[in-house]
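Here is input_2.txt, consisting of compact mmCIF, C-alpha atoms:
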```
# COMPACT_ATOMS: atom_id res chain seq x y z
CA MET A 146 -2.90 -34.51 3.88
CA TYR A 147 -2.16 -31.03 2.58
CA GLU A 148 -1.21 -32.34 -0.86
CA GLU A 149 -4.80 -32.05 -2.06
CA PRO A 150 -5.66 -28.54 -3.34
CA TYR A 151 -8.81 -28.11 -1.28
CA LYS A 152 -6.91 -29.05 1.87
CA TRP A 153 -4.33 -26.37 1.08
CA VAL A 154 -7.08 -23.79 0.61
CA GLU A 155 -8.63 -24.84 3.92
CA ALA A 156 -5.26 -24.59 5.67
CA VAL A 157 -4.67 -21.09 4.27
CA GLY A 158 -8.16 -20.07 5.40
CA ASN A 159 -7.44 -21.32 8.92
CA ARG A 160 -4.16 -19.42 8.91
CA ARG A 161 -5.95 -16.23 7.86
CA GLN A 162 -8.47 -16.66 10.68
CA TYR A 163 -5.66 -17.21 13.18
CA LEU A 164 -3.80 -14.09 12.06
CA ASP A 165 -6.95 -11.94 12.18
CA GLU A 166 -7.34 -12.91 15.83
CA GLN A 167 -3.78 -11.84 16.64
CA PHE A 168 -4.36 -8.22 15.59
CA LYS A 169 -7.49 -7.55 17.64
CA GLN A 170 -5.47 -6.28 20.60
CA GLY A 171 -2.98 -4.33 18.46
CA SER A 172 -2.52 -0.57 18.33
CA PRO A 173 -3.53 1.15 15.07
CA VAL A 174 -1.00 3.18 13.09
CA VAL A 175 -1.83 6.41 11.24
CA ALA A 176 0.11 8.11 8.43
CA LEU A 177 -1.01 11.52 7.21
CA THR A 178 0.61 13.97 4.82
CA TYR A 179 0.93 17.55 6.01
CA ASP A 180 2.17 20.70 4.28
CA SER A 181 5.88 19.90 4.74
CA GLY A 182 5.99 16.10 4.78
CA ILE A 183 4.47 12.98 6.31
CA LEU A 184 3.44 12.31 9.91
CA LEU A 185 3.29 8.81 11.42
CA LEU A 186 1.58 8.24 14.74
CA THR A 187 0.61 5.39 17.03
CA VAL A 188 0.22 4.67 20.73
CA SER A 189 2.55 2.07 22.17
CA LYS A 190 3.36 0.41 25.45
CA GLY A 191 7.06 -0.34 25.64
CA THR A 192 8.16 -1.50 22.19
CA SER A 193 8.53 1.13 19.48
CA LYS A 194 6.43 0.66 16.33
CA LEU A 195 7.85 3.49 14.17
CA TYR A 196 11.26 3.23 12.49
CA GLU A 197 13.58 4.95 10.04
CA ILE A 198 14.48 2.82 7.01
CA TYR A 199 16.38 5.19 4.71
CA ASP A 200 16.75 8.91 4.00
CA ARG A 201 13.16 9.37 2.85
CA LEU A 202 11.60 6.13 4.04
CA ALA A 203 9.87 5.39 7.34
CA LEU A 204 8.13 2.28 8.64
CA GLY A 205 5.14 1.81 10.90
CA GLY A 206 4.11 -1.62 12.10
CA MET A 207 1.39 -3.56 13.86
CA GLY A 208 1.85 -7.10 15.16
CA HIS A 209 4.41 -9.25 16.97
CA PRO A 210 7.55 -7.26 17.90
CA ALA A 211 9.91 -10.05 16.80
CA ASP A 212 8.31 -10.27 13.35
CA LEU A 213 8.31 -6.50 12.97
CA GLU A 214 12.00 -6.47 13.81
CA LYS A 215 12.71 -9.13 11.17
CA ILE A 216 10.87 -7.10 8.55
CA ARG A 217 12.56 -3.87 9.62
CA PHE A 218 16.00 -5.48 9.36
CA SER A 219 15.19 -6.91 5.91
CA LEU A 220 14.05 -3.50 4.66
CA LEU A 221 17.12 -1.79 6.12
CA GLU A 222 19.42 -4.27 4.42
CA MET A 223 17.60 -4.02 1.07
CA ALA A 224 17.58 -0.21 1.16
CA HIS A 225 21.27 0.16 1.96
CA VAL A 226 22.38 -2.47 -0.56
CA GLU A 227 20.25 -0.78 -3.21
CA GLY A 228 21.63 2.64 -2.31
CA PHE A 229 25.21 1.36 -2.44
CA ASN A 230 24.93 -0.65 -5.65
CA ARG A 231 22.82 1.87 -7.56
CA SER A 232 22.15 5.29 -6.00
CA PRO A 233 20.14 6.77 -3.10
CA SER A 234 17.53 8.02 -5.56
CA ASP A 235 16.83 4.40 -6.58
CA VAL A 236 15.81 3.49 -3.01
CA THR A 237 12.04 3.93 -3.29
CA GLY A 238 9.12 2.55 -1.34
CA GLY A 239 7.69 0.95 -4.46
CA ARG A 240 10.87 -1.01 -5.18
CA MET A 241 11.24 -2.07 -1.55
CA VAL A 242 7.68 -3.40 -1.45
CA LYS A 243 7.10 -4.82 -4.94
CA TYR A 244 10.47 -6.48 -5.44
CA GLY A 245 11.51 -6.94 -1.83
CA ILE A 246 9.37 -7.41 1.24
CA ALA A 247 5.91 -8.18 -0.23
CA PRO A 248 7.06 -11.41 -1.96
CA VAL A 249 8.81 -12.49 1.25
CA ILE A 250 5.68 -11.95 3.36
CA LYS A 251 3.48 -13.68 0.75
CA GLN A 252 5.74 -16.72 0.64
CA ALA A 253 5.80 -16.99 4.44
CA PHE A 254 1.98 -16.79 4.53
CA GLU A 255 1.46 -19.50 1.90
CA GLU A 256 4.02 -21.99 3.23
CA ILE A 257 1.65 -23.68 5.63
CA PHE A 258 4.32 -25.77 7.36
CA LYS A 259 6.19 -22.63 8.45
CA ALA A 260 5.20 -19.77 10.74
CA PRO A 261 3.82 -16.67 8.96
CA PHE A 262 4.73 -13.10 9.83
CA ILE A 263 2.31 -11.79 12.45
CA ALA A 264 2.72 -8.29 11.11
CA LYS A 265 1.11 -5.56 9.03
CA ILE A 266 3.35 -2.74 7.88
CA LEU A 267 3.03 0.77 6.50
CA LEU A 268 5.93 2.15 4.46
CA ALA A 269 5.96 5.92 3.97
CA GLU A 270 8.10 7.59 1.31
CA LEU A 271 8.67 11.34 1.18
CA GLY A 272 8.63 12.54 -2.42
CA GLN A 273 11.22 14.89 -3.84
CA LYS A 274 8.41 17.38 -4.38
CA ALA A 275 5.20 18.12 -2.50
CA GLY A 276 2.35 15.94 -3.75
CA LYS A 277 4.70 13.12 -4.74
CA ASN A 278 4.57 11.21 -1.44
CA SER A 279 3.79 7.51 -1.34
CA LEU A 280 2.14 5.48 1.42
CA LEU A 281 2.17 1.69 1.02
CA VAL A 282 0.24 -0.67 3.29
CA ILE A 283 1.28 -4.35 3.25
CA ASN A 284 -1.02 -6.96 4.78
CA TYR A 285 0.11 -10.17 6.47
CA ASP A 286 -0.52 -12.14 3.26
CA GLY A 287 1.73 -9.95 1.11
CA THR A 288 -1.03 -7.98 -0.62
CA PHE A 289 -0.45 -4.24 -0.65
CA GLU A 290 -2.17 -0.96 -1.45
CA GLU A 291 -0.65 2.40 -2.33
CA GLY A 292 -1.94 5.88 -1.57
CA ALA A 293 -0.66 9.43 -1.25
CA HIS A 294 -2.79 11.40 1.21
CA CYS A 295 -3.27 9.08 4.17
CA ALA A 296 -2.98 5.43 5.21
CA VAL A 297 -3.69 3.36 8.32
CA LEU A 298 -3.09 -0.02 9.92
CA ALA A 299 -5.83 -1.59 12.04
CA ALA A 300 -7.14 -4.99 13.11
CA SER A 301 -9.67 -5.33 10.29
CA LYS A 302 -10.59 -3.82 6.94
CA PRO A 303 -13.84 -2.20 8.17
CA VAL A 304 -11.95 -0.38 10.94
CA GLU A 305 -9.31 0.78 8.46
CA CYS A 306 -12.03 2.09 6.13
CA ASP A 307 -13.61 4.09 8.96
CA MET A 308 -10.26 5.58 9.93
CA VAL A 309 -9.39 6.56 6.35
CA ALA A 310 -12.84 8.10 5.86
CA TYR A 311 -12.35 10.14 9.03
CA LEU A 312 -8.92 11.34 7.89
CA GLN A 313 -10.24 12.29 4.46
CA GLN A 314 -13.16 14.17 5.98
CA GLN A 315 -11.08 16.03 8.54
CA ALA A 316 -8.08 16.81 6.32
CA PRO A 317 -9.23 17.21 2.71
CA THR A 318 -6.17 19.35 1.90
CA PRO A 319 -2.65 19.06 3.37
CA PRO A 320 -2.98 20.38 6.92
CA SER A 321 -0.32 22.08 9.01
CA LEU A 322 1.80 19.89 11.29
CA GLU A 323 -0.19 21.03 14.32
CA GLN A 324 -3.49 20.18 12.66
CA ALA A 325 -2.15 16.83 11.42
CA CYS A 326 -1.14 15.81 14.97
CA GLY A 327 -4.63 16.36 16.32
CA ILE A 328 -6.39 14.72 13.37
CA ALA A 329 -4.11 11.67 13.42
CA LEU A 330 -4.48 11.18 17.17
CA ARG A 331 -8.27 11.28 16.97
CA ALA A 332 -8.19 8.89 14.00
CA TRP A 333 -6.15 6.52 16.17
CA ALA A 334 -8.79 6.84 18.92
CA LEU A 335 -11.53 6.05 16.39
CA GLY A 336 -9.76 2.89 15.27
CA ASN A 337 -8.79 1.75 18.75
CA ARG A 338 -12.34 2.18 20.04
CA ALA A 339 -13.78 0.22 17.09
CA GLN A 340 -11.32 -2.61 17.74
CA ARG A 341 -12.26 -2.76 21.41
CA LYS A 342 -15.95 -2.91 20.56
CA ALA A 343 -15.29 -5.73 18.09
CA VAL A 344 -13.45 -7.69 20.79
CA GLU A 345 -16.23 -7.12 23.31
CA THR A 346 -18.89 -8.33 20.88
CA THR A 347 -16.55 -11.15 19.64
CA SER A 348 -17.46 -10.30 16.06
CA GLU A 349 -17.01 -7.62 13.46
CA PRO A 350 -19.39 -4.68 13.92
CA SER A 351 -22.24 -4.76 11.45
CA GLN A 352 -22.70 -2.01 8.89
CA GLU A 353 -25.77 -0.84 10.79
CA ALA A 354 -23.97 -0.71 14.12
CA ARG A 355 -20.96 1.19 12.79
CA GLN A 356 -21.25 4.96 12.88
CA GLU A 357 -20.21 7.11 9.97
CA PRO A 358 -16.74 8.50 10.78
CA ALA A 359 -17.77 11.97 9.67
CA ALA A 360 -20.48 11.96 12.31
CA MET A 361 -18.20 10.85 15.15
CA ASP A 362 -18.26 13.54 17.80
CA THR A 363 -15.00 14.91 19.15
CA VAL A 364 -16.10 14.65 22.77
CA SER A 365 -16.52 10.87 22.71
CA LEU A 366 -13.25 10.39 20.83
CA ASP A 367 -11.41 12.57 23.34
CA ALA A 368 -12.92 10.65 26.25
CA HIS A 369 -11.73 7.35 24.78
CA LEU A 370 -8.33 8.87 24.06
CA ARG A 371 -7.92 10.05 27.65
CA ASP A 372 -8.68 6.58 29.00
CA SER A 373 -6.56 4.75 26.42
CA VAL A 374 -3.25 6.61 26.65
CA ALA A 375 -3.08 6.95 30.43
CA ASP A 376 -0.43 4.22 30.81
CA LYS A 377 0.95 4.32 27.25
CA THR A 378 3.19 6.49 25.08
CA ILE A 379 2.07 8.51 22.07
CA GLU A 380 4.70 7.72 19.45
CA CYS A 381 5.16 10.17 16.58
CA ALA A 382 7.69 10.49 13.76
CA LEU A 383 8.07 12.77 10.76
CA LEU A 384 9.49 12.70 7.28
CA ASP A 385 10.15 16.43 7.13
CA ARG A 386 10.98 17.96 3.75
CA SER A 387 12.28 21.14 5.38
CA GLN A 388 14.87 19.28 7.46
CA SER A 389 18.46 19.89 6.36
CA GLY A 390 20.66 17.01 5.23
CA SER A 391 19.88 13.88 3.26
CA SER A 392 17.92 12.16 6.04
CA LYS A 393 14.44 13.58 6.45
CA TYR A 394 13.33 11.30 9.28
CA ARG A 395 13.06 12.47 12.87
CA ALA A 396 11.23 11.23 15.93
CA VAL A 397 9.01 13.75 17.71
CA MET A 398 9.91 13.90 21.38
CA PRO A 399 7.08 14.06 23.97
CA GLU A 400 7.87 17.70 24.81
CA GLU A 401 7.59 18.76 21.17
CA LEU A 402 4.44 16.71 20.65
CA GLY A 403 2.89 18.43 23.66
CA ARG A 404 3.52 21.80 22.00
CA LEU A 405 2.15 20.63 18.64
CA LEU A 406 -1.17 19.24 19.87
CA PRO A 407 -4.26 21.47 19.70
CA LYS A 408 -5.24 23.18 22.95
CA ASP A 409 -8.33 21.04 23.46
CA LEU A 410 -6.28 17.84 23.19
CA LYS A 411 -3.65 19.20 25.56
CA ILE A 412 -6.41 19.65 28.16
CA VAL A 413 -7.75 16.13 27.49
CA LEU A 414 -4.34 14.50 27.91
CA SER A 415 -3.14 16.62 30.85
```
Would you mind writing the structure in this file as structure tokens?
Amino acid sequence: MYEEPYKWVEAVGNRRQYLDEQFKQGSPVVALTYDSGILLLTVSKGTSKLYEIYDRLALGGMGHPADLEKIRFSLLEMAHVEGFNRSPSDVTGGRMVKYGIAPVIKQAFEEIFKAPFIAKILLAELGQKAGKNSLLVINYDGTFEEGAHCAVLAASKPVECDMVAYLQQQAPTPPSLEQACGIALRAWALGNRAQRKAVETTSEPSQEARQEPAAMDTVSLDAHLRDSVADKTIECALLDRSQSGSSKYRAVMPEELGRLLPKDLKIVLS
């Protein structure tokens, strides 16, 4: 029955609706450049959602853990084969996405007799020089967008737009690492709260009901943050240009994150 074109379009539309539903309970991911590199942050419960891919590449994911692991393994394999056959400098986020993982995700989405990837991913690449960073966001259908200053993953496009607007308003220039931690964590709270409201109302928030991110008050975000992370783990990783050696990736341990957070957030989360 799916041989007819309009039936295929209908099947793809149903698949898109199904996948949108799967992300409503997911945890947003935030990537933000700071003065010495790129910060990635999310809040998880059990399974890690931030990974190292190569010397200057890091991955953040949202979706089913098994699908994220498949994508992570594919990226790892592609990066190391590319680095071995060519050179480490040829292992770039653009090549990994455009010629590697995006076509794979697109094909899985469009083959309606097979299971799609229940995953959205964010690939961060630390540039050789400041201002040359790359942040690529790949949707579950294989479409992708590229930026340099900040990027997010969330359940829906409106929520992602609000989070990006908040990040741009709060960090118009590269912030320090301490500032970036606080801004990213509150951006996560903004996205997580919007997702919860969408679930409670069983529909996307209307343009009238959504508040402008710039007008979001810190007190309400901090209150939501305190309630949301009580039984979860704040997960943070860096691509740090100042780190010695070829690998610039490092995970931020809870003790270090506690020292990096602004004083007001330390009080909120204590």
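Omitting Lys411 of chain A and its sequence neighbours fewer than 6 positions away, and counting all atoms listed in the file, the residues within 10 Å are Gly327, Leu402, Gly403, Arg404 and Leu405 of chain A.
In this comparison, which uses all atoms listed in the file, the residue of A:Ala211, A:Ala316, A:Val297, A:Ile246 approaching Asn337 of chain A most closely is A:Val297.
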Let me know the centre plus edge lengths, in Å and rounded to one decimal, of a box with edges along x, y and z that contains all listed atoms of segment 209-219 of chain A and is padded by 5 Å on every side, as AutoDock Vina command-line options.
```
--center_x 10.2 --center_y -7.1 --center_z 11.9 --size_x 21.6 --size_y 16.4 --size_z 22.0
```
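Restricting the calculation to all atoms listed in the file, the smallest distance between Met207 of chain A and any of A:Ala334, A:Ile266, A:Leu366, A:Val309 is found for A:Ile266.
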Phe218 of chain A proximity check over A:Ile198, A:Gly272, A:Ser234, A:Asp286, using all atoms listed in the file: winner is A:Ile198
Of A:Asn278, A:Gln167, A:Ser391, A:Asn284, the one sitting nearest Pro319 of chain A when using all atoms listed in the file is A:Asn278
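The residue that comes closest to Ile283 of chain A, out of A:Pro303, A:Pro261, A:Pro399, A:Gly205 and on the basis of only C-alpha atoms, is A:Gly205.
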Output segment 225-260 of chain A with N, CA and C atoms present, as a PDB file, keeping the file's coordinate frame.
```pdb
ATOM      1  N   HIS A 225      19.873  -0.250   1.979  1.00  0.00           N
ATOM      2  CA  HIS A 225      21.270   0.160   1.960  1.00  0.00           C
ATOM      3  C   HIS A 225      22.059  -0.547   0.860  1.00  0.00           C
ATOM      4  N   VAL A 226      21.743  -1.787   0.558  1.00  0.00           N
ATOM      5  CA  VAL A 226      22.380  -2.470  -0.560  1.00  0.00           C
ATOM      6  C   VAL A 226      21.996  -1.796  -1.872  1.00  0.00           C
ATOM      7  N   GLU A 227      20.725  -1.464  -2.009  1.00  0.00           N
ATOM      8  CA  GLU A 227      20.250  -0.780  -3.210  1.00  0.00           C
ATOM      9  C   GLU A 227      20.916   0.575  -3.364  1.00  0.00           C
ATOM     10  N   GLY A 228      21.002   1.324  -2.264  1.00  0.00           N
ATOM     11  CA  GLY A 228      21.630   2.640  -2.310  1.00  0.00           C
ATOM     12  C   GLY A 228      23.108   2.567  -2.645  1.00  0.00           C
ATOM     13  N   PHE A 229      23.775   1.510  -2.172  1.00  0.00           N
ATOM     14  CA  PHE A 229      25.210   1.360  -2.440  1.00  0.00           C
ATOM     15  C   PHE A 229      25.464   0.895  -3.871  1.00  0.00           C
ATOM     16  N   ASN A 230      24.702  -0.083  -4.321  1.00  0.00           N
ATOM     17  CA  ASN A 230      24.930  -0.650  -5.650  1.00  0.00           C
ATOM     18  C   ASN A 230      24.426   0.255  -6.777  1.00  0.00           C
ATOM     19  N   ARG A 231      23.400   1.018  -6.515  1.00  0.00           N
ATOM     20  CA  ARG A 231      22.820   1.870  -7.560  1.00  0.00           C
ATOM     21  C   ARG A 231      23.017   3.337  -7.170  1.00  0.00           C
ATOM     22  N   SER A 232      22.033   3.923  -6.503  1.00  0.00           N
ATOM     23  CA  SER A 232      22.150   5.290  -6.000  1.00  0.00           C
ATOM     24  C   SER A 232      21.039   5.520  -4.992  1.00  0.00           C
ATOM     25  N   PRO A 233      21.194   6.497  -4.081  1.00  0.00           N
ATOM     26  CA  PRO A 233      20.140   6.770  -3.100  1.00  0.00           C
ATOM     27  C   PRO A 233      18.784   7.078  -3.734  1.00  0.00           C
ATOM     28  N   SER A 234      18.798   7.681  -4.911  1.00  0.00           N
ATOM     29  CA  SER A 234      17.530   8.020  -5.560  1.00  0.00           C
ATOM     30  C   SER A 234      16.773   6.783  -6.038  1.00  0.00           C
ATOM     31  N   ASP A 235      17.479   5.651  -6.161  1.00  0.00           N
ATOM     32  CA  ASP A 235      16.830   4.400  -6.580  1.00  0.00           C
ATOM     33  C   ASP A 235      16.180   3.666  -5.406  1.00  0.00           C
ATOM     34  N   VAL A 236      16.414   4.131  -4.189  1.00  0.00           N
ATOM     35  CA  VAL A 236      15.810   3.490  -3.010  1.00  0.00           C
ATOM     36  C   VAL A 236      14.421   4.089  -2.822  1.00  0.00           C
ATOM     37  N   THR A 237      13.421   3.439  -3.360  1.00  0.00           N
ATOM     38  CA  THR A 237      12.040   3.930  -3.290  1.00  0.00           C
ATOM     39  C   THR A 237      11.153   2.929  -2.574  1.00  0.00           C
ATOM     40  N   GLY A 238      10.069   3.425  -2.026  1.00  0.00           N
ATOM     41  CA  GLY A 238       9.120   2.550  -1.340  1.00  0.00           C
ATOM     42  C   GLY A 238       8.548   1.504  -2.274  1.00  0.00           C
ATOM     43  N   GLY A 239       8.246   1.893  -3.507  1.00  0.00           N
ATOM     44  CA  GLY A 239       7.690   0.950  -4.460  1.00  0.00           C
ATOM     45  C   GLY A 239       8.620  -0.219  -4.736  1.00  0.00           C
ATOM     46  N   ARG A 240       9.904   0.057  -4.925  1.00  0.00           N
ATOM     47  CA  ARG A 240      10.870  -1.010  -5.180  1.00  0.00           C
ATOM     48  C   ARG A 240      11.022  -1.907  -3.957  1.00  0.00           C
ATOM     49  N   MET A 241      11.075  -1.289  -2.772  1.00  0.00           N
ATOM     50  CA  MET A 241      11.240  -2.070  -1.550  1.00  0.00           C
ATOM     51  C   MET A 241      10.078  -3.039  -1.335  1.00  0.00           C
ATOM     52  N   VAL A 242       8.868  -2.577  -1.669  1.00  0.00           N
ATOM     53  CA  VAL A 242       7.680  -3.400  -1.450  1.00  0.00           C
ATOM     54  C   VAL A 242       7.485  -4.417  -2.568  1.00  0.00           C
ATOM     55  N   LYS A 243       7.452  -3.949  -3.817  1.00  0.00           N
ATOM     56  CA  LYS A 243       7.100  -4.820  -4.940  1.00  0.00           C
ATOM     57  C   LYS A 243       8.138  -5.894  -5.214  1.00  0.00           C
ATOM     58  N   TYR A 244       9.415  -5.532  -5.104  1.00  0.00           N
ATOM     59  CA  TYR A 244      10.470  -6.480  -5.440  1.00  0.00           C
ATOM     60  C   TYR A 244      11.211  -6.999  -4.213  1.00  0.00           C
ATOM     61  N   GLY A 245      10.803  -6.552  -3.036  1.00  0.00           N
ATOM     62  CA  GLY A 245      11.510  -6.940  -1.830  1.00  0.00           C
ATOM     63  C   GLY A 245      10.660  -7.629  -0.795  1.00  0.00           C
ATOM     64  N   ILE A 246       9.988  -6.835   0.047  1.00  0.00           N
ATOM     65  CA  ILE A 246       9.370  -7.410   1.240  1.00  0.00           C
ATOM     66  C   ILE A 246       8.026  -8.070   0.975  1.00  0.00           C
ATOM     67  N   ALA A 247       7.220  -7.569   0.032  1.00  0.00           N
ATOM     68  CA  ALA A 247       5.910  -8.180  -0.230  1.00  0.00           C
ATOM     69  C   ALA A 247       6.019  -9.639  -0.668  1.00  0.00           C
ATOM     70  N   PRO A 248       6.915  -9.991  -1.605  1.00  0.00           N
ATOM     71  CA  PRO A 248       7.060 -11.410  -1.960  1.00  0.00           C
ATOM     72  C   PRO A 248       7.507 -12.285  -0.793  1.00  0.00           C
ATOM     73  N   VAL A 249       8.345 -11.735   0.073  1.00  0.00           N
ATOM     74  CA  VAL A 249       8.810 -12.490   1.250  1.00  0.00           C
ATOM     75  C   VAL A 249       7.653 -12.786   2.197  1.00  0.00           C
ATOM     76  N   ILE A 250       6.826 -11.778   2.460  1.00  0.00           N
ATOM     77  CA  ILE A 250       5.680 -11.950   3.360  1.00  0.00           C
ATOM     78  C   ILE A 250       4.661 -12.906   2.741  1.00  0.00           C
ATOM     79  N   LYS A 251       4.422 -12.783   1.439  1.00  0.00           N
ATOM     80  CA  LYS A 251       3.480 -13.680   0.750  1.00  0.00           C
ATOM     81  C   LYS A 251       3.944 -15.127   0.821  1.00  0.00           C
ATOM     82  N   GLN A 252       5.221 -15.354   0.587  1.00  0.00           N
ATOM     83  CA  GLN A 252       5.740 -16.720   0.640  1.00  0.00           C
ATOM     84  C   GLN A 252       5.610 -17.312   2.034  1.00  0.00           C
ATOM     85  N   ALA A 253       5.912 -16.502   3.069  1.00  0.00           N
ATOM     86  CA  ALA A 253       5.800 -16.990   4.440  1.00  0.00           C
ATOM     87  C   ALA A 253       4.345 -17.321   4.779  1.00  0.00           C
ATOM     88  N   PHE A 254       3.400 -16.548   4.255  1.00  0.00           N
ATOM     89  CA  PHE A 254       1.980 -16.790   4.530  1.00  0.00           C
ATOM     90  C   PHE A 254       1.495 -18.077   3.867  1.00  0.00           C
ATOM     91  N   GLU A 255       1.972 -18.359   2.666  1.00  0.00           N
ATOM     92  CA  GLU A 255       1.460 -19.500   1.900  1.00  0.00           C
ATOM     93  C   GLU A 255       2.172 -20.808   2.205  1.00  0.00           C
ATOM     94  N   GLU A 256       3.325 -20.758   2.847  1.00  0.00           N
ATOM     95  CA  GLU A 256       4.020 -21.990   3.230  1.00  0.00           C
ATOM     96  C   GLU A 256       3.439 -22.480   4.557  1.00  0.00           C
ATOM     97  N   ILE A 257       2.463 -23.350   4.460  1.00  0.00           N
ATOM     98  CA  ILE A 257       1.650 -23.680   5.630  1.00  0.00           C
ATOM     99  C   ILE A 257       2.381 -24.503   6.682  1.00  0.00           C
ATOM    100  N   PHE A 258       3.563 -25.015   6.362  1.00  0.00           N
ATOM    101  CA  PHE A 258       4.320 -25.770   7.360  1.00  0.00           C
ATOM    102  C   PHE A 258       5.321 -24.879   8.097  1.00  0.00           C
ATOM    103  N   LYS A 259       5.315 -23.589   7.777  1.00  0.00           N
ATOM    104  CA  LYS A 259       6.190 -22.630   8.450  1.00  0.00           C
ATOM    105  C   LYS A 259       5.346 -21.520   9.073  1.00  0.00           C
ATOM    106  N   ALA A 260       5.922 -20.849  10.053  1.00  0.00           N
ATOM    107  CA  ALA A 260       5.200 -19.770  10.740  1.00  0.00           C
ATOM    108  C   ALA A 260       5.120 -18.533   9.838  1.00  0.00           C
TER     109      ALA A 260
END
```
